[in-house]
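Data file: run38.cif. Format and content: mmCIF, C-alpha atoms and all ligand atoms.
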```cif
data_model
#
loop_
_atom_site.label_atom_id
_atom_site.label_comp_id
_atom_site.auth_asym_id
_atom_site.auth_seq_id
_atom_site.Cartn_x
_atom_site.Cartn_y
_atom_site.Cartn_z
CA MET A 15 95.15 -23.86 54.50
CA LYS A 16 95.90 -20.54 52.81
CA LYS A 17 94.31 -21.86 49.66
CA GLY A 18 91.08 -22.65 51.56
CA ILE A 19 90.86 -19.08 52.94
CA LEU A 20 91.33 -17.67 49.44
CA ILE A 21 88.45 -19.73 48.03
CA LEU A 22 86.14 -18.58 50.86
CA LEU A 23 87.12 -14.97 50.20
CA VAL A 24 86.33 -15.22 46.48
CA LEU A 25 82.94 -16.90 47.20
CA GLY A 26 82.17 -14.16 49.71
CA ILE A 27 82.82 -11.43 47.17
CA VAL A 28 80.60 -13.16 44.58
CA PHE A 29 77.81 -13.58 47.14
CA LEU A 30 77.97 -9.95 48.23
CA SER A 31 78.00 -8.65 44.70
CA ALA A 32 74.84 -10.71 43.99
CA CYS A 33 73.08 -9.01 46.89
CA VAL A 34 73.63 -5.49 45.50
CA GLU A 35 70.23 -4.09 44.32
CA GLU A 36 69.95 -3.76 40.56
CA GLU A 37 68.96 -0.36 39.15
CA PHE A 38 65.56 -0.55 37.34
CA LEU A 39 64.34 1.86 34.67
CA LEU A 40 60.71 2.94 34.08
CA CYS A 41 59.27 2.26 30.61
CA PRO A 42 57.28 4.96 28.71
CA ASP A 43 54.04 3.22 29.77
CA ASN A 44 54.85 4.43 33.32
CA VAL A 45 54.16 0.96 34.68
CA THR A 46 56.78 -1.49 33.51
CA ARG A 47 60.27 -1.41 35.02
CA VAL A 48 63.25 -2.87 33.21
CA ILE A 49 66.98 -2.93 33.48
CA ASP A 50 67.38 -2.10 29.87
CA LEU A 51 64.85 0.16 28.09
CA VAL A 52 65.13 -2.04 25.01
CA SER A 53 63.14 -4.61 26.97
CA CYS A 54 60.15 -2.27 27.40
CA PRO A 55 56.90 -3.69 26.00
CA LYS A 56 55.94 -2.17 22.69
CA GLU A 57 53.49 0.71 23.10
CA ARG A 58 49.91 -0.30 22.12
CA PRO A 59 48.54 1.94 19.38
CA ARG A 60 45.46 3.98 20.29
CA CYS A 61 42.97 6.19 18.49
CA PRO A 62 42.96 9.90 19.25
CA GLU A 63 40.54 10.86 21.99
CA SER A 64 38.14 12.28 19.41
CA CYS A 65 37.81 12.11 15.64
CA ASP A 66 34.84 14.47 15.52
CA ASP A 67 35.23 16.84 12.56
CA ASN A 68 31.99 18.70 13.44
CA ASP A 69 30.59 17.76 10.06
CA ASN A 70 27.13 16.09 10.04
CA CYS A 71 27.77 14.80 6.56
CA THR A 72 30.69 12.56 7.50
CA VAL A 73 30.83 9.36 9.51
CA ASP A 74 33.87 9.57 11.81
CA ARG A 75 35.67 6.27 12.36
CA CYS A 76 38.79 5.04 14.14
CA SER A 77 39.70 1.46 15.00
CA ALA A 78 42.25 -1.26 14.33
CA VAL A 79 40.68 -1.47 10.85
CA THR A 80 41.66 2.15 10.16
CA ASP A 81 45.07 1.59 11.73
CA TYR A 82 44.06 3.79 14.68
CA LYS A 83 43.77 6.79 12.42
CA CYS A 84 40.73 9.00 12.03
CA VAL A 85 38.90 8.20 8.80
CA TYR A 86 35.97 10.22 7.46
CA GLU A 87 33.36 8.70 5.18
CA GLU A 88 30.65 10.60 3.38
CA ALA A 89 27.29 10.08 5.10
CA ILE A 90 24.48 9.23 2.63
CA PRO A 91 21.82 10.49 2.97
CA CYS A 92 22.98 13.52 4.86
CA ASP A 93 20.41 15.71 6.50
CA GLY A 94 21.62 19.27 6.01
CA ASN A 95 23.67 19.10 2.77
CA ASP A 96 21.02 20.95 0.73
CA VAL A 97 20.51 17.86 -1.42
CA CYS A 98 17.27 15.92 -1.08
CA GLU A 99 18.53 12.36 -1.08
CA GLU A 100 16.78 8.97 -1.22
CA GLY A 101 14.82 8.46 1.97
CA GLU A 102 14.89 12.11 3.08
CA PHE A 103 11.53 13.22 1.67
CA PRO A 104 9.60 14.79 3.33
CA TRP A 105 11.14 15.06 6.79
CA SER A 106 14.52 16.60 5.93
CA ALA A 107 14.96 20.37 5.50
CA ASP A 108 16.89 19.47 2.30
CA CYS A 109 13.55 18.48 0.67
CA PRO A 110 10.25 20.23 0.03
CA ASN A 111 7.72 19.77 2.87
CA SER A 112 5.13 18.39 0.48
CA CYS A 113 4.50 17.61 -3.17
CA ASP A 114 0.73 17.98 -2.87
CA ASP A 115 -0.65 19.69 -5.97
CA ASN A 116 -4.19 19.73 -4.52
CA ASN A 117 -5.26 17.53 -7.38
CA GLY A 118 -6.77 14.22 -6.26
CA CYS A 119 -6.34 12.85 -9.80
CA THR A 120 -2.54 12.87 -9.70
CA SER A 121 -0.23 10.81 -7.52
CA ASP A 122 2.29 13.14 -5.93
CA ILE A 123 5.81 11.79 -5.43
CA TYR A 124 9.26 13.28 -4.92
CA ASN A 125 11.53 12.14 -7.74
CA TYR A 126 15.08 11.90 -6.35
CA GLN A 127 16.62 11.47 -9.82
CA LEU A 128 15.02 14.65 -11.12
CA GLY A 129 15.43 16.43 -7.78
CA LYS A 130 11.83 17.68 -7.80
CA CYS A 131 8.21 16.70 -7.27
CA SER A 132 6.61 14.74 -10.07
CA TYR A 133 2.99 13.98 -10.79
CA GLU A 134 1.45 10.94 -12.43
CA PRO A 135 -2.17 10.97 -13.55
CA ILE A 136 -4.39 8.47 -11.72
CA THR A 137 -6.79 6.71 -14.10
CA PRO A 138 -9.64 6.31 -13.86
CA CYS A 139 -10.17 9.19 -11.48
CA CYS A 140 -13.55 10.50 -10.48
CA GLY A 141 -13.46 14.27 -10.67
CA ASN A 142 -11.28 14.83 -13.76
CA ASP A 143 -14.24 15.76 -15.99
CA ASP A 144 -13.68 12.67 -18.08
CA CYS A 145 -15.99 9.65 -17.97
CA GLU A 146 -13.33 6.96 -18.26
CA THR A 147 -13.46 3.20 -18.67
CA GLY A 148 -14.83 1.75 -15.46
CA GLU A 149 -16.71 4.93 -14.55
CA THR A 150 -20.47 5.29 -14.80
CA TYR A 151 -23.07 7.66 -13.45
CA VAL A 152 -23.50 5.26 -10.50
CA ASN A 153 -19.92 5.29 -9.28
CA CYS A 154 -18.96 8.75 -10.59
CA TYR A 155 -21.79 11.16 -11.25
CA LEU A 156 -19.24 14.00 -11.34
CA ASP A 157 -17.79 12.84 -14.65
CA CYS A 158 -20.50 10.68 -16.22
CA GLU A 159 -23.96 11.37 -17.58
CA GLN A 160 -26.92 9.34 -16.42
CA LEU A 161 -27.70 6.98 -19.28
CA LEU A 162 -30.27 4.72 -17.65
CA GLU A 163 -33.00 5.32 -15.11
CA LEU A 164 -34.39 2.48 -13.05
CA LYS A 165 -37.53 2.80 -10.90
CA VAL A 166 -39.00 0.01 -8.79
CA THR A 167 -42.79 0.43 -8.90
CA ARG A 168 -43.95 -2.51 -6.79
CA TYR A 169 -42.65 -5.54 -4.95
CA GLU A 170 -44.26 -8.63 -3.47
CA LYS A 171 -42.92 -11.29 -1.10
CA ARG A 172 -44.34 -14.79 -1.00
CA GLN A 173 -43.11 -18.27 -0.21
CA ARG A 174 -45.04 -20.05 -2.95
CA PHE A 175 -44.61 -19.39 -6.63
CA GLU A 176 -46.51 -21.35 -9.23
CA GLY A 177 -44.27 -23.77 -11.07
CA ALA A 178 -41.42 -23.44 -8.54
CA ALA A 179 -40.52 -25.23 -5.30
CA SER A 180 -42.31 -24.05 -2.17
CA LEU A 181 -40.22 -22.07 0.32
CA VAL A 182 -42.71 -22.56 3.15
CA GLY A 183 -40.89 -23.56 6.32
CA THR A 184 -37.59 -22.04 5.15
CA ASP A 185 -36.00 -18.69 5.96
CA TYR A 186 -36.32 -17.64 2.32
CA THR A 187 -38.96 -15.92 0.27
CA TYR A 188 -39.68 -15.28 -3.39
CA LEU A 189 -39.44 -11.61 -4.19
CA ILE A 190 -41.26 -10.33 -7.27
CA ILE A 191 -40.10 -6.90 -8.37
CA ARG A 192 -41.80 -4.77 -10.97
CA PHE A 193 -39.90 -1.83 -12.33
CA ASN A 194 -39.54 0.62 -15.18
CA ILE A 195 -36.31 0.99 -17.04
CA ARG A 196 -35.78 4.12 -19.10
CA ASN A 197 -33.02 4.81 -21.57
CA VAL A 198 -32.14 8.45 -20.96
CA GLY A 199 -28.87 8.55 -22.86
CA TYR A 200 -27.81 5.36 -24.67
CA ASP A 201 -27.57 5.93 -28.36
CA ASN A 202 -25.02 3.30 -29.36
CA GLU A 203 -25.60 0.88 -32.15
CA GLU A 204 -26.33 -2.59 -30.83
CA THR A 205 -25.77 -5.68 -32.92
CA ILE A 206 -25.82 -8.33 -30.19
CA ASN A 207 -29.48 -9.02 -30.79
CA TYR A 208 -28.81 -9.73 -34.47
CA ARG A 209 -30.59 -6.51 -35.29
CA LYS A 210 -28.82 -3.29 -35.97
CA GLN A 211 -30.58 -0.91 -33.66
CA LYS A 212 -29.53 1.99 -31.46
CA GLY A 213 -30.28 1.96 -27.76
CA PHE A 214 -29.63 0.20 -24.47
CA TYR A 215 -29.27 -3.57 -24.61
CA TYR A 216 -31.45 -4.86 -21.77
CA ASP A 217 -30.48 -8.28 -20.46
CA PRO A 218 -32.66 -9.59 -17.57
CA TYR A 219 -29.76 -11.72 -16.35
CA LYS A 220 -27.61 -8.61 -15.95
CA MET A 221 -30.00 -7.41 -13.25
CA ARG A 222 -29.03 -8.09 -9.64
CA LEU A 223 -30.32 -7.54 -6.14
CA GLU A 224 -27.99 -6.33 -3.47
CA ASP A 225 -28.63 -6.00 0.26
CA ASP A 226 -27.04 -4.05 3.11
CA SER A 227 -24.76 -6.94 4.00
CA GLY A 228 -23.24 -6.75 0.51
CA LYS A 229 -24.83 -10.02 -0.68
CA PHE A 230 -25.91 -10.33 -4.32
CA TYR A 231 -28.90 -12.25 -5.60
CA ASP A 232 -29.28 -13.39 -9.20
CA VAL A 233 -32.46 -13.42 -11.19
CA GLU A 234 -34.35 -16.74 -10.98
CA TYR A 235 -34.90 -18.54 -14.27
CA ASP A 236 -38.58 -18.96 -13.32
CA SER A 237 -38.91 -15.19 -13.92
CA ASP A 238 -40.24 -15.90 -17.39
CA ALA A 239 -43.44 -17.20 -15.77
CA LEU A 240 -44.18 -13.65 -14.62
CA PRO A 241 -46.57 -11.40 -16.50
CA ASN A 242 -44.51 -8.48 -17.84
CA TRP A 243 -41.40 -10.61 -18.17
CA LEU A 244 -39.11 -8.80 -20.58
CA ASP A 245 -36.57 -10.88 -22.45
CA TYR A 246 -33.44 -9.50 -24.12
CA PHE A 247 -34.48 -6.24 -25.62
CA ILE A 248 -33.05 -3.08 -27.07
CA ILE A 249 -34.56 0.01 -25.46
CA SER A 250 -34.20 3.00 -27.76
CA LYS A 251 -33.07 6.33 -26.40
CA GLY A 252 -35.98 8.06 -24.68
CA ASP A 253 -38.01 4.85 -24.34
CA THR A 254 -39.27 3.33 -21.07
CA LYS A 255 -40.04 -0.35 -20.61
CA GLY A 256 -41.89 -2.03 -17.76
CA ALA A 257 -40.56 -5.39 -16.60
CA ALA A 258 -40.75 -7.90 -13.75
CA LEU A 259 -38.17 -10.21 -12.20
CA LEU A 260 -38.18 -12.97 -9.63
CA PHE A 261 -35.55 -13.40 -6.90
CA ILE A 262 -35.11 -15.61 -3.83
CA VAL A 263 -33.88 -13.70 -0.78
CA PRO A 264 -33.55 -14.48 2.93
CA MET A 265 -36.45 -13.16 5.01
CA SER A 266 -33.85 -11.22 7.01
CA ALA A 267 -32.51 -9.26 3.99
CA ARG A 268 -32.56 -5.50 4.59
CA GLY A 269 -31.77 -2.48 2.44
CA VAL A 270 -32.55 -4.37 -0.75
CA ARG A 271 -31.75 -2.57 -4.03
CA LEU A 272 -32.24 -3.49 -7.65
CA VAL A 273 -29.18 -2.86 -9.81
CA ALA A 274 -29.00 -2.67 -13.61
CA TYR A 275 -25.71 -3.49 -15.34
CA ASP A 276 -24.67 -3.00 -18.93
CA LYS A 277 -23.35 -5.87 -21.01
CA PHE A 278 -19.80 -5.09 -19.86
CA GLY A 279 -20.75 -5.43 -16.19
CA SER A 280 -20.74 -1.72 -15.27
CA ARG A 281 -23.48 -0.51 -12.95
CA GLN A 282 -25.87 1.75 -14.78
CA ASP A 283 -28.45 2.57 -12.15
CA ILE A 284 -29.80 1.49 -8.77
CA SER A 285 -33.29 1.65 -7.31
CA ASP A 286 -34.32 0.89 -3.72
CA VAL A 287 -36.82 -1.95 -3.23
CA TYR A 288 -37.33 -1.97 0.56
CA CA B 301 20.37 15.62 2.28
CA CA B 302 -2.13 15.04 -6.30
CA CA B 303 -13.03 10.36 -14.50
#
```

Could you write out this structure as structure tokens?
Ligand SMILES: [Ca+2]
Ligand SMILES: [Ca+2]
Ligand SMILES: [Ca+2]
Amino acid sequence: MKKGILILLVLGIVFLSACVEEEFLLCPDNVTRVIDLVSCPKERPRCPESCDDNDNCTVDRCSAVTDYKCVYEEAIPCDGNDVCEEGEFPWSADCPNSCDDNNGCTSDIYNYQLGKCSYEPITPCCGNDDCETGETYVNCYLDCEQLLELKVTRYEKRQRFEGAASLVGTDYTYLIIRFNIRNVGYDNEETINYRKQKGFYYDPYKMRLEDDSGKFYDVEYDSDALPNWLDYFIISKGDTKGAALLFIVPMSARGVRLVAYDKFGSRQDISDVY
């Protein structure tokens, strides 16, 4: 009996001691409570509230990649470092506002390698006092002399032309153009015609018509049936020749002009027809 009382007593003590409240400790995160501070969760690393170094020329970074430390990388380009860097011209105060040299015959660029404006000549350029390849009096009278003068003296439209198909009932017409062509400046030696002679090499098939819509019309081969037909010919400097050519144009063509080309395909002169 005594032994039974003793066992109950011991069990009672154990039970009571289990009911005593444990003493908890607060971890540094101010949230977690533990009995032993060793059990606190490890503090999570964090970046400083700001990494701003007040320098426009650095990129300020902080993340797990930088191990939660502030890292500063040079910003390129950097507006405000007194160096005109790639991509900054012309908006940045580090660069000149403009590289314009007021010369339409140079291309104006900012050269980042040299750190200054640089200028490349544009060729050909109308206005540089030099009649360059590709320039003629027609497309650049500023630089080139007039070498040829073309004057339409008469034109005639008809839908029938002897020896050629009738255009009656179509929207097209034959156009006969008579003109004078004067060599005012050509004094080159020509050998194309198997004769060594100075002057302008006239080729009827280098003549074209052009209208307001930008269409071109070639000389008809029946032109040689025209009185005054002028075949390949060298026109000496100062000489004028009269000639006639036949074209087929739509009735609706407007702003028709006769154009003379040289043997290289450059326009030498233009004369209005109608
Ligand atoms: Ca800069
Ligand atoms: Ca320029
Ligand atoms: Ca020029």

- Message: Quick one: residues within 6 Å of region 74-76 of chain A, only C-alpha atoms, excluding same-chain residues fewer than 5 positions away - as a VMD selection string?
- Response: chain A and resid 82 to 86

- Out of A:Phe38, A:Tyr151, A:Tyr124, A:Trp105, which residue has the shortest atom-to-atom distance to ligand CA 303 (chain B) when counting all atoms listed in the file?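 Closest candidate: A:Tyr151.
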
- Shell of 12 Å around Gly101 (chain A), all atoms listed in the file, local chain residues under 6 positions omitted, as a count of residues only: 9

Tell me, counting all atoms listed in the file, for each residue of chain A within 7 Å of ligand CA 303 (chain B), which pair of atoms is nearest and how far apart they are in Å to one decimal, in rows ordered by chain and increasing number, as JSON lines.
```
{"residue": "A:Pro138", "atom": "CA", "partner": "B:CA303", "partner_atom": "CA", "distance": 5.3}
{"residue": "A:Cys139", "atom": "CA", "partner": "B:CA303", "partner_atom": "CA", "distance": 4.3}
{"residue": "A:Cys140", "atom": "CA", "partner": "B:CA303", "partner_atom": "CA", "distance": 4.1}
{"residue": "A:Gly141", "atom": "CA", "partner": "B:CA303", "partner_atom": "CA", "distance": 5.5}
{"residue": "A:Asn142", "atom": "CA", "partner": "B:CA303", "partner_atom": "CA", "distance": 4.9}
{"residue": "A:Asp143", "atom": "CA", "partner": "B:CA303", "partner_atom": "CA", "distance": 5.7}
{"residue": "A:Asp144", "atom": "CA", "partner": "B:CA303", "partner_atom": "CA", "distance": 4.3}
{"residue": "A:Cys145", "atom": "CA", "partner": "B:CA303", "partner_atom": "CA", "distance": 4.6}
{"residue": "A:Glu146", "atom": "CA", "partner": "B:CA303", "partner_atom": "CA", "distance": 5.1}
{"residue": "A:Glu149", "atom": "CA", "partner": "B:CA303", "partner_atom": "CA", "distance": 6.6}
{"residue": "A:Asp157", "atom": "CA", "partner": "B:CA303", "partner_atom": "CA", "distance": 5.4}
```

- Query: Mind pulling up the distance from CA of Val52 (chain A) to CA of Ala78 (chain A)?
  - Reply: 25.3 Å

List every residue of chain A that has an atom at most 9 Å from any atom of ligand CA 302 (chain B), giving for each one its closest atom pair and the distance in Å to one decimal, counting only C-alpha atoms and all ligand atoms, sorted by chain and then by ascending residue number, as CSV.
```
residue,atom,partner,partner_atom,distance
A:Cys113,CA,B:CA302,CA,7.8
A:Asp114,CA,B:CA302,CA,5.3
A:Asp115,CA,B:CA302,CA,4.9
A:Asn116,CA,B:CA302,CA,5.4
A:Asn117,CA,B:CA302,CA,4.1
A:Gly118,CA,B:CA302,CA,4.7
A:Cys119,CA,B:CA302,CA,5.9
A:Thr120,CA,B:CA302,CA,4.1
A:Ser121,CA,B:CA302,CA,4.8
A:Asp122,CA,B:CA302,CA,4.8
A:Ile123,CA,B:CA302,CA,8.6
A:Tyr133,CA,B:CA302,CA,6.9
A:Glu134,CA,B:CA302,CA,8.2
A:Pro135,CA,B:CA302,CA,8.3
A:Ile136,CA,B:CA302,CA,8.8
```

Hey, could you make a per-residue contact list for region 116-212 of chain A against region 222-242 of chain A with 12 Å as the cut-off, showing the nearest pair of atoms and its distance in Å to one decimal, counting all atoms listed in the file, sorted by chain and number, as CSV?
```
residue,atom,partner,partner_atom,distance
A:Val166,CA,A:Leu223,CA,11.8
A:Phe175,CA,A:Asp236,CA,9.0
A:Glu176,CA,A:Ala239,CA,8.3
A:Gly177,CA,A:Asp236,CA,7.8
A:Ala178,CA,A:Asp236,CA,7.1
A:Ala179,CA,A:Asp236,CA,10.4
A:Tyr188,CA,A:Glu234,CA,9.4
A:Leu189,CA,A:Glu234,CA,9.9
A:Ile190,CA,A:Ser237,CA,8.6
A:Ile191,CA,A:Ser237,CA,10.0
A:Arg192,CA,A:Asn242,CA,8.3
A:Phe193,CA,A:Asn242,CA,9.8
A:Asn194,CA,A:Asn242,CA,10.7
```

- Message: Here is a test: counting only C-alpha atoms and all ligand atoms, which residue of A:Asp67, A:Glu102, A:Asp50, A:Glu57 is nearest to ligand CA 301 (chain B)?
- Response: A:Glu102

- Query: Do you have the CA of Lys212 (chain A)-CA of Ser250 (chain A) distance handy?
  - Reply: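 Here the two named atoms are 6.0 Å from each other.
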
- Query: Taking (30.2, 10.0, 6.0) in the file's coordinates, which residues come within 8 Å, counting all atoms listed in the file, written as a PyMOL selection string?
  - Reply: chain A and resi 70-74+86-90

- Could you give me, as an MDAnalysis selection string, the residues that sit within 10 Å of (-34.8, -10.7, 6.4) in the file's coordinates, counting all atoms listed in the file? chainID A and resid 185:187 225 263:270

- Message: Just the number, please: distance in Å from CA of Cys98 (chain A) to CA of Lys130 (chain A), one decimal.
- Response: 8.8 Å

- Query: For ligand CA 301 (chain B), which residue out of A:Tyr216, A:Glu36, A:Pro110, A:Ile49 is the nearest one, using all atoms listed in the file?
  - Reply: A:Pro110

- Query: For Asp96 (chain A), which residue out of A:Gly129, A:Tyr169, A:Cys41, A:Leu181 is the nearest one, using only C-alpha atoms?
  - Reply: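 With only C-alpha atoms as the atom set, the closest residue is A:Gly129.
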
- Message: When you count all atoms listed in the file, which of these residues is closest to Leu244 (chain A): A:Cys131, A:Met221, A:Val45, A:Val97?
- Response: A:Met221
